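Just query.txt here, compact mmCIF, C-alpha atoms (C1' of nucleotides):
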```txt
# COMPACT_ATOMS: atom_id res chain seq x y z
CA MET R 1 0.00 0.00 0.00
CA LYS R 2 1.32 3.43 -0.91
CA ILE R 3 0.89 6.62 1.08
CA GLY R 4 -2.07 7.83 -0.97
CA ASP R 5 -3.99 4.60 -0.40
CA LEU R 6 -3.22 4.74 3.27
CA ALA R 7 -4.44 8.33 3.38
CA ARG R 8 -7.71 7.29 1.74
CA ARG R 9 -8.17 4.41 4.15
CA THR R 10 -7.41 6.32 7.31
CA GLY R 11 -8.78 9.74 6.54
CA LEU R 12 -5.40 11.30 7.31
CA SER R 13 -3.76 13.43 4.63
CA THR R 14 -0.49 12.28 3.09
CA HIS R 15 1.03 15.39 4.65
CA THR R 16 -0.13 14.26 8.07
CA ILE R 17 1.12 10.71 7.56
CA ARG R 18 4.60 12.00 6.69
CA TYR R 19 4.43 14.39 9.62
CA TYR R 20 3.54 11.54 11.97
CA GLU R 21 6.43 9.51 10.66
CA ARG R 22 8.77 12.47 11.04
CA ILE R 23 7.91 13.00 14.70
CA GLY R 24 7.93 9.26 15.44
CA LEU R 25 4.23 8.49 15.83
CA LEU R 26 4.42 6.14 12.88
CA PRO R 27 7.35 3.81 12.39
CA TYR R 28 9.77 4.67 9.59
CA ALA R 29 8.14 3.10 6.53
CA SER R 30 10.18 0.86 4.27
CA ARG R 31 10.93 2.50 0.92
CA ALA R 32 10.14 -0.47 -1.28
CA SER R 33 10.64 0.86 -4.80
CA SER R 34 13.50 3.14 -3.86
CA GLN R 35 12.09 6.33 -2.28
CA GLN R 36 8.38 5.63 -2.03
CA ARG R 37 6.88 4.40 1.23
CA GLU R 38 5.26 0.98 1.23
CA TYR R 39 2.76 0.11 3.98
CA ASP R 40 1.20 -3.18 4.92
CA ALA R 41 -2.26 -3.48 6.42
CA SER R 42 -1.02 -3.83 10.01
CA ILE R 43 -0.34 -0.10 10.15
CA LEU R 44 -4.08 0.50 9.90
CA VAL R 45 -4.65 -0.93 13.36
CA TRP R 46 -2.06 1.35 14.87
CA ILE R 47 -3.37 4.44 13.08
CA GLU R 48 -6.88 3.64 14.18
CA PHE R 49 -5.71 3.35 17.76
CA LEU R 50 -3.85 6.65 17.45
CA GLY R 51 -7.16 8.11 16.32
CA ARG R 52 -8.84 6.88 19.48
CA LEU R 53 -6.14 8.47 21.58
CA LYS R 54 -6.57 11.68 19.64
CA THR R 55 -10.35 11.66 20.00
CA THR R 56 -9.94 11.25 23.72
CA GLY R 57 -7.65 14.25 23.83
CA MET R 58 -4.27 12.66 24.42
CA PRO R 59 -1.59 15.17 23.42
CA ILE R 60 0.98 14.16 20.81
CA ARG R 61 3.76 14.12 23.36
CA ASP R 62 2.01 11.34 25.27
CA LYS R 63 1.14 9.39 22.15
CA LEU R 64 4.83 9.62 21.37
CA ARG R 65 5.75 8.11 24.74
CA TYR R 66 3.36 5.27 24.05
CA ALA R 67 4.69 4.79 20.53
CA ARG R 68 8.27 4.63 21.79
CA LEU R 69 7.36 2.02 24.41
CA ARG R 70 5.57 0.00 21.76
CA GLU R 71 8.64 0.01 19.55
CA ARG R 72 10.81 -1.16 22.41
CA GLY R 73 8.81 -4.37 22.43
CA PRO R 74 6.87 -6.59 24.79
CA GLU R 75 8.87 -5.84 27.94
CA THR R 76 7.25 -2.40 28.03
CA GLU R 77 3.70 -3.72 28.26
CA GLN R 78 3.25 -2.86 31.89
CA ASP R 79 4.43 0.69 31.29
CA ARG R 80 2.01 1.01 28.41
CA ARG R 81 -0.78 -0.35 30.57
CA ILE R 82 -0.05 2.27 33.23
CA LEU R 83 0.03 4.99 30.62
CA LEU R 84 -3.34 3.93 29.24
CA GLU R 85 -4.84 3.59 32.70
CA GLU R 86 -3.81 7.13 33.56
CA HIS R 87 -5.26 8.33 30.31
CA ARG R 88 -8.48 6.42 30.94
CA THR R 89 -8.87 8.19 34.26
CA LYS R 90 -8.53 11.56 32.56
CA VAL R 91 -11.05 10.59 29.90
CA ARG R 92 -13.55 9.45 32.51
CA THR R 93 -13.12 12.71 34.39
CA HIS R 94 -13.58 14.66 31.21
CA ILE R 95 -16.75 12.78 30.31
CA ALA R 96 -18.14 13.56 33.74
CA GLU R 97 -17.37 17.26 33.24
CA LEU R 98 -19.04 17.23 29.87
CA GLN R 99 -22.12 15.64 31.32
CA ALA R 100 -22.28 18.25 34.04
CA CYS R 101 -22.01 20.98 31.42
CA LEU R 102 -24.67 19.27 29.38
CA ALA R 103 -27.04 19.52 32.32
CA VAL R 104 -26.35 23.26 32.55
CA LEU R 105 -26.93 23.57 28.84
CA ASP R 106 -30.24 21.73 29.15
CA THR R 107 -31.34 24.10 31.89
CA LYS R 108 -30.35 27.14 29.87
CA ILE R 109 -32.11 25.90 26.75
CA ALA R 110 -35.21 25.05 28.72
CA GLY R 111 -35.17 28.60 30.04
CA TYR R 112 -35.09 30.01 26.52
CA ALA R 113 -37.64 27.57 25.17
CA GLY R 114 -40.53 28.90 27.23
CA SER R 115 -39.90 32.52 26.36
CA ASP R 116 -41.81 33.29 23.22
CA MET R 117 -42.95 36.40 25.00
CA VAL R 118 -40.32 39.07 25.37
CA GLU R 119 -38.08 38.80 28.40
CA LYS R 120 -36.04 41.48 30.10
CA ASN R 121 -32.85 39.55 29.50
CA ASP R 122 -31.55 35.99 29.35
CA ASP R 123 -30.96 35.86 33.08
CA ALA R 124 -34.64 36.57 33.63
CA ALA R 125 -35.51 33.46 31.67
CA THR R 126 -32.92 31.41 33.47
CA GLU R 127 -34.04 32.61 36.87
CA ARG R 128 -37.67 31.86 36.13
CA ARG R 129 -36.69 28.38 35.09
CA LYS R 130 -34.74 27.82 38.30
CA ARG R 131 -37.78 28.79 40.35
CA ALA R 132 -39.92 26.44 38.29
CA VAL R 133 -37.57 23.55 39.06
CA ARG R 134 -37.63 24.03 42.82
CA MET P 135 -14.26 44.41 42.02
CA LYS P 136 -10.96 45.01 40.22
CA ILE P 137 -9.41 42.80 37.59
CA GLY P 138 -7.09 41.01 40.02
CA ASP P 139 -9.99 40.04 42.27
CA LEU P 140 -11.97 38.84 39.30
CA ALA P 141 -8.99 36.79 38.16
CA ARG P 142 -8.76 35.17 41.57
CA ARG P 143 -12.45 34.39 41.63
CA THR P 144 -12.68 32.95 38.14
CA GLY P 145 -9.33 31.24 37.75
CA LEU P 146 -8.65 33.23 34.59
CA SER P 147 -5.50 35.33 34.45
CA THR P 148 -5.75 39.10 34.23
CA HIS P 149 -4.14 38.73 30.81
CA THR P 150 -6.92 36.43 29.70
CA ILE P 151 -9.64 38.69 31.08
CA ARG P 152 -8.28 41.66 29.12
CA TYR P 153 -7.91 39.44 26.08
CA TYR P 154 -11.53 38.34 26.37
CA GLU P 155 -12.64 41.94 26.63
CA ARG P 156 -10.52 42.89 23.64
CA ILE P 157 -12.06 40.25 21.40
CA GLY P 158 -15.56 40.91 22.71
CA LEU P 159 -16.24 37.87 24.86
CA LEU P 160 -16.55 40.08 27.89
CA PRO P 161 -18.37 43.41 27.73
CA TYR P 162 -16.23 46.53 27.85
CA ALA P 163 -15.74 47.11 31.58
CA SER P 164 -16.41 50.52 33.06
CA ARG P 165 -13.23 52.30 34.09
CA ALA P 166 -14.35 53.55 37.48
CA SER P 167 -11.30 55.20 38.96
CA SER P 168 -10.12 56.57 35.63
CA GLN P 169 -8.43 53.77 33.68
CA GLN P 170 -8.92 50.78 35.96
CA ARG P 171 -11.65 48.27 35.20
CA GLU P 172 -14.40 47.87 37.76
CA TYR P 173 -16.52 44.71 37.74
CA ASP P 174 -19.67 43.84 39.59
CA ALA P 175 -20.59 40.33 40.65
CA SER P 176 -22.94 39.71 37.72
CA ILE P 177 -19.96 39.19 35.42
CA LEU P 178 -19.11 36.02 37.38
CA VAL P 179 -22.21 34.25 36.06
CA TRP P 180 -21.30 35.05 32.47
CA ILE P 181 -17.67 33.99 32.91
CA GLU P 182 -18.76 30.76 34.50
CA PHE P 183 -21.04 30.06 31.57
CA LEU P 184 -18.24 30.86 29.15
CA GLY P 185 -16.21 28.28 31.04
CA ARG P 186 -18.90 25.67 30.43
CA LEU P 187 -18.89 26.46 26.74
CA LYS P 188 -15.12 26.19 26.74
CA THR P 189 -15.11 22.87 28.60
CA THR P 190 -17.54 21.51 26.07
CA GLY P 191 -15.23 22.55 23.25
CA MET P 192 -17.05 25.50 21.76
CA PRO P 193 -14.58 27.55 19.74
CA ILE P 194 -14.12 31.22 20.58
CA ARG P 195 -15.71 32.30 17.32
CA ASP P 196 -18.99 30.65 18.35
CA LYS P 197 -18.82 31.98 21.89
CA LEU P 198 -18.42 35.36 20.25
CA ARG P 199 -21.56 34.87 18.20
CA TYR P 200 -23.43 34.00 21.37
CA ALA P 201 -21.94 36.96 23.24
CA ARG P 202 -22.97 39.35 20.48
CA LEU P 203 -26.53 38.02 20.49
CA ARG P 204 -26.63 38.37 24.25
CA GLU P 205 -25.57 41.99 24.03
CA ARG P 206 -28.26 42.72 21.48
CA GLY P 207 -30.82 41.92 24.15
CA PRO P 208 -33.87 39.73 24.69
CA GLU P 209 -35.11 39.69 21.09
CA THR P 210 -32.22 37.37 20.25
CA GLU P 211 -33.24 34.66 22.69
CA GLN P 212 -34.53 32.28 20.07
CA ASP P 213 -31.29 32.60 18.09
CA ARG P 214 -29.32 31.90 21.23
CA ARG P 215 -31.47 28.90 21.97
CA ILE P 216 -30.81 27.51 18.51
CA LEU P 217 -27.10 28.12 18.90
CA LEU P 218 -27.04 26.27 22.21
CA GLU P 219 -29.16 23.43 20.88
CA GLU P 220 -26.75 22.90 18.00
CA HIS P 221 -23.88 22.96 20.42
CA ARG P 222 -25.62 20.50 22.71
CA THR P 223 -25.99 18.08 19.83
CA LYS P 224 -22.26 18.27 19.15
CA VAL P 225 -21.46 17.74 22.81
CA ARG P 226 -23.72 14.69 23.00
CA THR P 227 -22.09 13.24 19.91
CA HIS P 228 -18.68 13.89 21.35
CA ILE P 229 -19.56 12.20 24.64
CA ALA P 230 -20.75 9.16 22.70
CA GLU P 231 -17.44 9.05 20.82
CA LEU P 232 -15.51 9.31 24.04
CA GLN P 233 -17.47 6.47 25.54
CA ALA P 234 -16.81 4.30 22.51
CA CYS P 235 -13.10 5.07 22.81
CA LEU P 236 -13.25 4.31 26.49
CA ALA P 237 -14.53 0.84 25.70
CA VAL P 238 -11.60 0.29 23.33
CA LEU P 239 -9.25 1.54 26.02
CA ASP P 240 -10.75 -0.87 28.52
CA THR P 241 -10.26 -3.77 26.14
CA LYS P 242 -6.67 -2.77 25.47
CA ILE P 243 -5.88 -2.40 29.15
CA ALA P 244 -7.51 -5.71 29.94
CA GLY P 245 -5.30 -7.27 27.28
CA TYR P 246 -2.19 -5.88 28.93
CA ALA P 247 -3.30 -6.70 32.43
CA GLY P 248 -3.28 -10.44 31.96
CA SER P 249 0.18 -10.52 30.39
CA ASP P 250 2.65 -10.82 33.23
CA MET P 251 4.31 -13.51 31.15
CA VAL P 252 6.20 -12.20 28.14
CA GLU P 253 4.16 -11.70 24.99
CA LYS P 254 5.42 -11.56 21.43
CA ASN P 255 4.00 -8.06 21.00
CA ASP P 256 1.09 -5.93 22.09
CA ASP P 257 -1.10 -7.16 19.28
CA ALA P 258 -0.67 -10.71 20.57
CA ALA P 259 -2.18 -9.64 23.86
CA THR P 260 -4.94 -7.73 22.15
CA GLU P 261 -5.76 -10.60 19.84
CA ARG P 262 -5.89 -13.11 22.66
CA ARG P 263 -8.25 -10.83 24.51
CA LYS P 264 -10.54 -10.53 21.49
CA ARG P 265 -10.77 -14.31 21.24
CA ALA P 266 -11.60 -14.48 24.93
CA VAL P 267 -14.45 -12.03 24.43
CA ARG P 268 -16.08 -13.97 21.61
C1' DC O 269 6.10 61.94 50.50
C1' DC O 270 7.49 57.46 49.15
C1' DT O 271 7.42 52.82 48.24
C1' DT O 272 5.20 48.85 46.55
C1' DG O 273 2.19 46.34 44.14
C1' DA O 274 -1.67 46.31 41.06
C1' DC O 275 -3.15 48.39 37.16
C1' DT O 276 -2.83 50.23 31.97
C1' DT O 277 -1.79 49.70 26.69
C1' DA O 278 0.00 47.80 22.34
C1' DG O 279 2.06 44.41 20.36
C1' DA O 280 5.08 40.34 20.14
C1' DG O 281 5.71 35.46 21.34
C1' DT O 282 4.30 30.56 22.47
C1' DG O 283 2.76 25.73 21.96
C1' DC O 284 0.00 22.67 19.64
C1' DG O 285 -1.16 20.07 15.67
C1' DC O 286 -1.20 20.18 11.60
C1' DT O 287 -1.08 22.12 6.53
C1' DC O 288 0.90 23.89 2.60
C1' DG O 289 4.30 25.17 -1.09
C1' DA O 290 8.30 24.66 -3.93
C1' DA O 291 11.10 22.09 -6.51
C1' DC O 292 12.01 17.85 -7.86
C1' DT O 293 11.68 12.44 -8.94
C1' DT O 294 9.09 8.23 -9.89
C1' DG O 295 5.36 5.14 -11.62
C1' DT O 296 1.70 4.08 -14.82
C1' DA O 297 -1.53 4.32 -18.65
C1' DT O 298 -1.91 5.25 -23.50
C1' DA H 299 7.87 7.98 -25.70
C1' DT H 300 5.11 10.99 -23.39
C1' DA H 301 2.16 12.83 -20.37
C1' DC H 302 0.53 13.33 -15.91
C1' DA H 303 -0.58 11.55 -11.51
C1' DA H 304 1.48 10.52 -7.39
C1' DG H 305 5.40 10.35 -4.84
C1' DT H 306 9.77 12.72 -2.42
C1' DT H 307 12.23 16.29 0.98
C1' DC H 308 12.63 20.44 3.50
C1' DG H 309 11.09 24.24 5.50
C1' DA H 310 7.74 27.80 6.04
C1' DG H 311 3.04 29.09 7.37
C1' DC H 312 -1.41 28.81 9.78
C1' DG H 313 -5.35 28.93 13.20
C1' DC H 314 -6.35 28.66 17.77
C1' DA H 315 -6.28 30.35 22.37
C1' DC H 316 -3.86 32.28 25.01
C1' DT H 317 0.54 34.29 27.42
C1' DC H 318 4.01 37.40 28.12
C1' DT H 319 6.92 41.75 27.77
C1' DA H 320 7.84 46.49 27.90
C1' DA H 321 7.09 50.76 29.38
C1' DG H 322 4.57 53.26 31.80
C1' DT H 323 0.37 54.99 35.38
C1' DC H 324 -2.16 54.78 39.65
C1' DA H 325 -3.55 54.00 44.54
C1' DA H 326 -3.24 52.74 49.30
C1' DG H 327 -0.36 51.89 53.54
C1' DG H 328 3.58 53.46 56.43
```
Using structure tokens, write down the structure that the file contains.
Amino acid sequence: MKIGDLARRTGLSTHTIRYYERIGLLPYASRASSQQREYDASILVWIEFLGRLKTTGMPIRDKLRYARLRERGPETEQDRRILLEEHRTKVRTHIAELQACLAVLDTKIAGYAGSDMVEKNDDAATERRKRAVR
Amino acid sequence: MKIGDLARRTGLSTHTIRYYERIGLLPYASRASSQQREYDASILVWIEFLGRLKTTGMPIRDKLRYARLRERGPETEQDRRILLEEHRTKVRTHIAELQACLAVLDTKIAGYAGSDMVEKNDDAATERRKRAVR
DNA sequence: CCTTGACTTAGAGTGCGCTCGAACTTGTAT
DNA sequence: ATACAAGTTCGAGCGCACTCTAAGTCAAGG
């Protein structure tokens, strides 16, 4: 598989793939036909996992730590596990925060929803809603 | 309340507060004692709400749109409601994504956890785990 | 009065994560 | 053979959201 195919399959741009290789997130790809990168399907799994880490907000510097451990082989598994466990904790915390904010958003929206008549200001609507909830 | 007090109460830096005013996220503060900004407690509610929007990943440009509507007064309430509803949808989607990633993370960690004996590579552990799940 | 610390402005700098451009080489279809 | 699509490297540039610096002004306690 060449870089363009990989780009199509992963949704990354070829620019990004080269950038990831440059910084060490992707292993140095073998240049099969002198110069051009040649990928085999196994890279897809890794890129997909990188995507998960990205979605969950892991900064590149941490993904890099993970990638380096991975390349050092199986004796780093426990370190990788710890790294992922720490990350999981952060993700859980973040989800909880988001859900709390979502509740606030719901309240705010509910406050606006009832006001087809003109209100003094948005706080008036919000305050009325709060009283209604009590 | 002066800018330093506000900074302490909100967790924002004075730099950030001035920056927010400059770009229009915060209303232009009255300079009470010629030059120095004077805030009253009502600003705290707005800053807290801005924090919620930030936590939930709303970009500044959208917060700005909301802020401008807010300043135009109560006749913009329905527009604000729509804006928040759209944002809420994005937040819900994002939470769902995070939860899906969390499940992947759990699987991966579980795969590592069982491997106190040496594995060939991390995929070996992951693959074994997948078989166990089936 | 004087010090000290908080305030002011305008504008430059930072860190992150890409993203793009230029100039060139390689691979493939006709 | 020729065209042209897709690849290469290197380095510069970008958008976001701050963050900091410089050079100065102001205010409250001793």
Practice task
One decimal, Å: what's the distance from CA of Leu44 in chain R over to CA of Pro27 in chain R, could you say?
Solution key: 12.2 Å
Handout entry: Shell around DA280 in chain O at 10 Å using all atoms listed in the file, local window under 2 positions removed, as a PyMOL selection string
Key = (chain O and resi 278) or (chain H and resi 318-319)
Practice task
Could you pull out every residue with an atom within 12 Å of (-1.7, 40.9, 19.7), file coordinates, counting all atoms listed in the file, and send them as a ChimeraX atom specification?
Solution key: /P:149,152-153,156-157 /O:277-281 /H:315-319
Keeping only C-alpha atoms (C1' of nucleotides), write the selected residues to a file as a compact mmCIF listing (two decimals), in the frame of the given file.
```txt
# COMPACT_ATOMS: atom_id res chain seq x y z
CA HIS P 149 -4.14 38.73 30.81
CA ARG P 152 -8.28 41.66 29.12
CA TYR P 153 -7.91 39.44 26.08
CA ARG P 156 -10.52 42.89 23.64
CA ILE P 157 -12.06 40.25 21.40
C1' DT O 277 -1.79 49.70 26.69
C1' DA O 278 0.00 47.80 22.34
C1' DG O 279 2.06 44.41 20.36
C1' DA O 280 5.08 40.34 20.14
C1' DG O 281 5.71 35.46 21.34
C1' DA H 315 -6.28 30.35 22.37
C1' DC H 316 -3.86 32.28 25.01
C1' DT H 317 0.54 34.29 27.42
C1' DC H 318 4.01 37.40 28.12
C1' DT H 319 6.92 41.75 27.77
```
Take every atom of range 12-31 of chain R listed in the file, fit an axis-aligned box around them, add 4 Å per side, and give the centre and edge lengths in Å to one decimal as lines of an AutoDock Vina configuration file.
```
center_x = 2.8
center_y = 8.1
center_z = 8.4
size_x = 24.3
size_y = 22.5
size_z = 22.9
```
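In plain terms, chain O touches chain P through DA274, DC275 and DT276 of chain O, where touching means an atom at most 9 Å away, counting all atoms listed in the file.
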Handout entry: Within 12 Å of Leu69 in chain R using only C-alpha atoms (C1' of nucleotides), minus same-chain residues under 2 positions, as a list in words
Key =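 These residues fall inside the cut-off: Gly24, Leu25, Asp62, Lys63, Leu64, Arg65, Tyr66, Ala67, Glu71, Arg72, Gly73, Pro74, Glu75, Thr76, Glu77, Gln78, Asp79, Arg80, Arg81, Ile82, Leu83 and Leu84 of chain R; Asn255 and Asp256 of chain P.
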Exercise for the section: Compute the set of chain H residues within 9 Å of chain R, using all atoms listed in the file, and express it as an MDAnalysis selection string. Expected result: chainID H and resid 304:306
Practice task
Could you tell me which of P:Ser168, P:Thr241, P:Thr227, P:Thr189 comes closest to chain R if we count all atoms listed in the file?
Solution key: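 Using all atoms listed in the file, chain R sits closest to P:Thr189.
Compared by their closest atoms to DT287 in chain O, and using only C-alpha atoms (C1' of nucleotides), the residues H:DA299, H:DC312, H:DA326, H:DT307 rank with H:DC312 nearest.
Proximity to chain R was assessed for P:Thr190, P:Thr223, P:Thr150, P:Thr144 counting only C-alpha atoms; the smallest distance is recorded for P:Thr190.
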